[in-house]
Amino acid sequence: MRYAYAVTAAMLLGGAAATVVTQSPLGAQVAQNAPSQMAAVAPRGAPMSFADLAAKLQPAVVNISTTQKVQVNRQQNPFAGSPFEDFFRRFGGQGGGGGSDDNSPPQTREAMSLGSGFIISADGYIVTNNHVISGVPTDQGKVTVSSITVTLPDRKEYKATVVGKDAASDLAVLKIQATNLPFVEFGDSTKTRVGDWIIAIGNPFALGGTVTAGIVSAIHRSIGSGPYDRYIQTDAAINQGNSGGPMFDLNGNVVGINTAIYSPSGGNVGIGFAIPAEQAKPVVMQLMKGERIHRGYLGVGIQEMTDDVAAGLNLPKNRGAIISRVEPGQPAARAGVQQGDVIVKVNGQDVSPDNTLSYIVAGQPVGSRVRLDLIRNGKPMTLTAVLAERPPEDQLAAADGDNDDATPDGTPNAPASIRNSLGLSLQTLTPQIAQQLGLASGTRGVVIVSVDPSSDAGAKGLQKGDVILAIAQRSVSTTAEAAAAVDAAKRANFKTVLLLVQRGNGPARYIGIDLTGK
């Protein structure tokens, strides 16, 4: 996910607020005309008007503006951080305006960012998104926030201080010096159902105090923004600048924090995402106390059970997570978890796309003992791990190095069966080739010398220089072993064979390849 840009992907909302959409409250009429069994599951329709509820809640929703300093190179966009930045990007290109000397020192420009937040205590504690108050790095350079201003609906302005923030959950708590403020409370988002009415209040595109209404479109939605994706999706109009604003149920309780949109244009297309209260409230309570957020950590790299991976393991898809990497010395390694294991349950909770391994483990106390139900080589087994504390996200990201440019030299010596079945030409990984590829000493496997672009391997993105560490859960260090593993998978009537592939120093990943090579 990229911050602050309108692309055909989920997008965080920090930014300037949109056309107001009028929505007819037809829920009551639908409920009257629905069959009796429909009334049983939806006893409460929408009110004839949201006006009373909006009037009650709006005083607790605030505008948050930040002053940011953006470092840009002189040859880059001279309008970075200004209202003309997007215009220049579209029509002015990347050069000009600041001289063509590539060695010119960077310039610092000021920029403004707008978002939303809501008051949760009479003495001035405010909840918002971390990306609203921390600055979002852009392709123009580093962003530093120098001041934060909170504007109440009555236009009173306060300078805010940051009590605490957590990048992993994208949440932050601010404090202003004020008393007797109106405030709202968190509700129980676990009871939120698809089809429930909600209202959103915020400051889209700097239009303060905007109220929109809609329904919950989906729950437990993953949009690929991080390991803890579990968003509420809504069709209520959510736009840039709504970030950090509250999503209310009809009782006036906060059930979500509006955070991201899915939009090709940057404006509302009826797909918005909110962090559920069940996930946000514990983090907010800890941040208010000045505490650091502690999360459980297993010490593994994981992949979803996609169609090709599941087929390569002869297991059902959308159940469990396959372990692509086990960190030495961490809880999973000490518990006996191995690369290629599929963890299907943690403490009795099913691992699925809606309830990911990362989400379950992060919610467990540091130091707690957890039961891991897993499948290894087709057989179920149970292990027990003692969780450590999850390291900072930037430290974890730094461990995922990569080297995409190195390629091997030499003549392929893979048997014809590999070329025919997988569309790959392979070579045994020698110490010389491993050094050329920048691999750790002792790495064993077979290196791809060429890929048939018309094969399934080509379609899945395999390329020259990739190293295959295992085939069908069998480690391979020679082309003969690779051929034997493929032949064994074919004799077992597998339609897909699972490859464990490493590119450079990046983490190894499982990829399922059609055995016909088509």
# chains A, B, ... in the order shown; residues from 1 in each chain; ligands from 1
call {"tool": "select_by_dssp", "arguments": {"residues": "range 107-320 of chain A", "states": "helix (DSSP H, G or I)", "output": "CSV table (one decimal) with C-alpha atoms, in the first residue's frame"}}
result
chain,number,residue,atom,x,y,z
A,130,ASN,CA,-0.6,7.5,13.2
A,131,HIS,CA,-0.1,8.4,9.5
A,132,VAL,CA,-2.1,11.7,10.1
A,133,ILE,CA,0.3,13.0,12.7
A,134,SER,CA,3.6,11.3,11.7
A,189,SER,CA,-17.3,-3.9,17.2
A,190,THR,CA,-17.5,-7.7,17.6
A,191,LYS,CA,-21.2,-7.4,17.4
A,204,PRO,CA,-12.8,15.1,4.0
A,205,PHE,CA,-10.8,17.4,1.7
A,206,ALA,CA,-10.7,20.0,4.5
A,277,ALA,CA,-12.9,-0.8,17.9
A,278,GLU,CA,-12.0,-4.3,19.2
A,279,GLN,CA,-8.5,-3.9,17.8
A,280,ALA,CA,-8.1,-0.1,18.4
A,281,LYS,CA,-9.4,0.2,22.0
A,282,PRO,CA,-6.7,-1.9,23.7
A,283,VAL,CA,-3.9,-0.1,21.8
A,284,VAL,CA,-5.4,3.3,22.6
A,285,MET,CA,-5.8,2.5,26.3
A,286,GLN,CA,-2.1,1.5,26.5
A,287,LEU,CA,-1.0,4.6,24.6
A,288,MET,CA,-2.9,6.9,27.0
A,307,ASP,CA,-4.5,-22.2,-4.7
A,308,ASP,CA,-1.1,-23.2,-6.1
A,309,VAL,CA,0.6,-23.7,-2.7
A,310,ALA,CA,-2.4,-25.7,-1.3
A,311,ALA,CA,-2.4,-27.8,-4.5
A,312,GLY,CA,1.3,-28.5,-4.1
A,313,LEU,CA,0.7,-29.7,-0.6
call {"tool": "residues_around", "arguments": {"residues": "Ala172 in chain A", "least_positions_apart": "4", "cutoff": "6 Å", "atoms": "only C-alpha atoms", "output": "PyMOL selection string"}}
result
chain A and resi 127-130+164-165
call {"tool": "closest_residue", "arguments": {"among": "A:Ile232, A:Leu422, A:Leu499, A:Ile238", "to": "Gly270 in chain A", "atoms": "only C-alpha atoms"}}
result
A:Ile238
call {"tool": "closest_residue", "arguments": {"among": "A:Asn493, A:Gln58, A:Thr259, A:Asn63", "to": "Arg155 in chain A", "atoms": "only C-alpha atoms"}}
result
A:Asn63
call {"tool": "select_by_dssp", "arguments": {"residues": "range 195-371 of chain A", "states": "strand (DSSP E)", "output": "JSON, numbers by chain"}}
result
{"A": [197, 198, 199, 200, 201, 202, 210, 211, 212, 213, 214, 215, 216, 217, 218, 219, 220, 221, 231, 232, 233, 234, 246, 247, 248, 254, 255, 256, 257, 258, 259, 260, 261, 262, 263, 272, 273, 274, 275, 276, 296, 297, 300, 301, 302, 303, 304, 321, 322, 323, 324, 325, 326, 342, 343, 344, 345, 346, 349, 350, 369, 370, 371]}
call {"tool": "closest_atom_pairs", "arguments": {"of": "range 422-482 of chain A", "to": "range 319-326 of chain A", "cutoff": "12 Å", "atoms": "only C-alpha atoms", "output": "tab-separated table"}}
result
residue	atom	partner	partner_atom	distance
A:Leu469	CA	A:Ser324	CA	11.2
A:Ala470	CA	A:Ser324	CA	11.1
A:Gln473	CA	A:Ser324	CA	11.1
call {"tool": "closest_residue", "arguments": {"among": "A:Ser477, A:Ser455, A:Asn268, A:Thr210", "to": "Leu426 in chain A", "atoms": "only C-alpha atoms"}}
result
A:Ser477
call {"tool": "closest_residue", "arguments": {"among": "A:Asn314, A:Val254, A:Leu357, A:Gln436", "to": "Gly378 in chain A", "atoms": "only C-alpha atoms"}}
result
A:Asn314
call {"tool": "residues_around", "arguments": {"residues": "Ile198 in chain A", "least_positions_apart": "5", "cutoff": "9 Å", "atoms": "only C-alpha atoms", "output": "ChimeraX atom specification"}}
result
/A:212-216,234,236,247-250,255
call {"tool": "atom_distance", "arguments": {"atom1": "CA of Gly256 in chain A", "atom2": "CA of Asn318 in chain A"}}
result
26.1 Å
call {"tool": "residues_around", "arguments": {"residues": "Arg474 in chain A", "least_positions_apart": "4", "cutoff": "10 Å", "atoms": "only C-alpha atoms", "output": "PyMOL selection string"}}
result
chain A and resi 340+377+469-470+481-482+484-486+498-500
call {"tool": "write_last_selection", "arguments": {"atoms": "N, CA and C atoms", "output": "compact mmCIF listing (two decimals), in the first residue's frame"}}
result
# COMPACT_ATOMS: atom_id res chain seq x y z
N GLY A 340 8.25 -25.21 5.92
CA GLY A 340 7.33 -26.10 5.20
C GLY A 340 6.17 -26.58 6.03
N ASN A 377 4.49 -32.66 6.34
CA ASN A 377 4.55 -33.78 5.38
C ASN A 377 3.25 -34.58 5.37
N LEU A 469 15.47 -24.23 -3.38
CA LEU A 469 16.04 -24.90 -2.21
C LEU A 469 15.39 -26.25 -1.96
N ALA A 470 14.11 -26.38 -2.32
CA ALA A 470 13.39 -27.62 -2.07
C ALA A 470 12.31 -27.79 -3.13
N GLU A 481 18.84 -34.63 -7.80
CA GLU A 481 17.86 -34.66 -6.71
C GLU A 481 16.61 -33.88 -7.08
N ALA A 482 16.77 -32.79 -7.84
CA ALA A 482 15.61 -32.02 -8.29
C ALA A 482 14.74 -32.87 -9.21
N ALA A 484 14.56 -36.13 -9.31
CA ALA A 484 13.95 -37.20 -8.53
C ALA A 484 12.74 -36.68 -7.74
N ALA A 485 12.84 -35.47 -7.20
CA ALA A 485 11.72 -34.91 -6.44
C ALA A 485 10.53 -34.64 -7.34
N VAL A 486 10.79 -34.15 -8.55
CA VAL A 486 9.69 -33.90 -9.49
C VAL A 486 9.06 -35.22 -9.92
N LEU A 498 5.35 -28.12 -5.38
CA LEU A 498 5.68 -26.95 -4.57
C LEU A 498 7.20 -26.73 -4.58
N LEU A 499 7.62 -25.53 -4.98
CA LEU A 499 9.03 -25.15 -4.99
C LEU A 499 9.28 -24.14 -3.89
N LEU A 500 10.39 -24.29 -3.18
CA LEU A 500 10.84 -23.29 -2.23
C LEU A 500 11.95 -22.50 -2.91
call {"tool": "residues_around", "arguments": {"residues": "Lys490 in chain A", "least_positions_apart": "5", "cutoff": "12 Å", "atoms": "only C-alpha atoms", "output": "PyMOL selection string"}}
result
chain A and resi 312+417-418+421-422+471-472+483-485+495-498+514-516
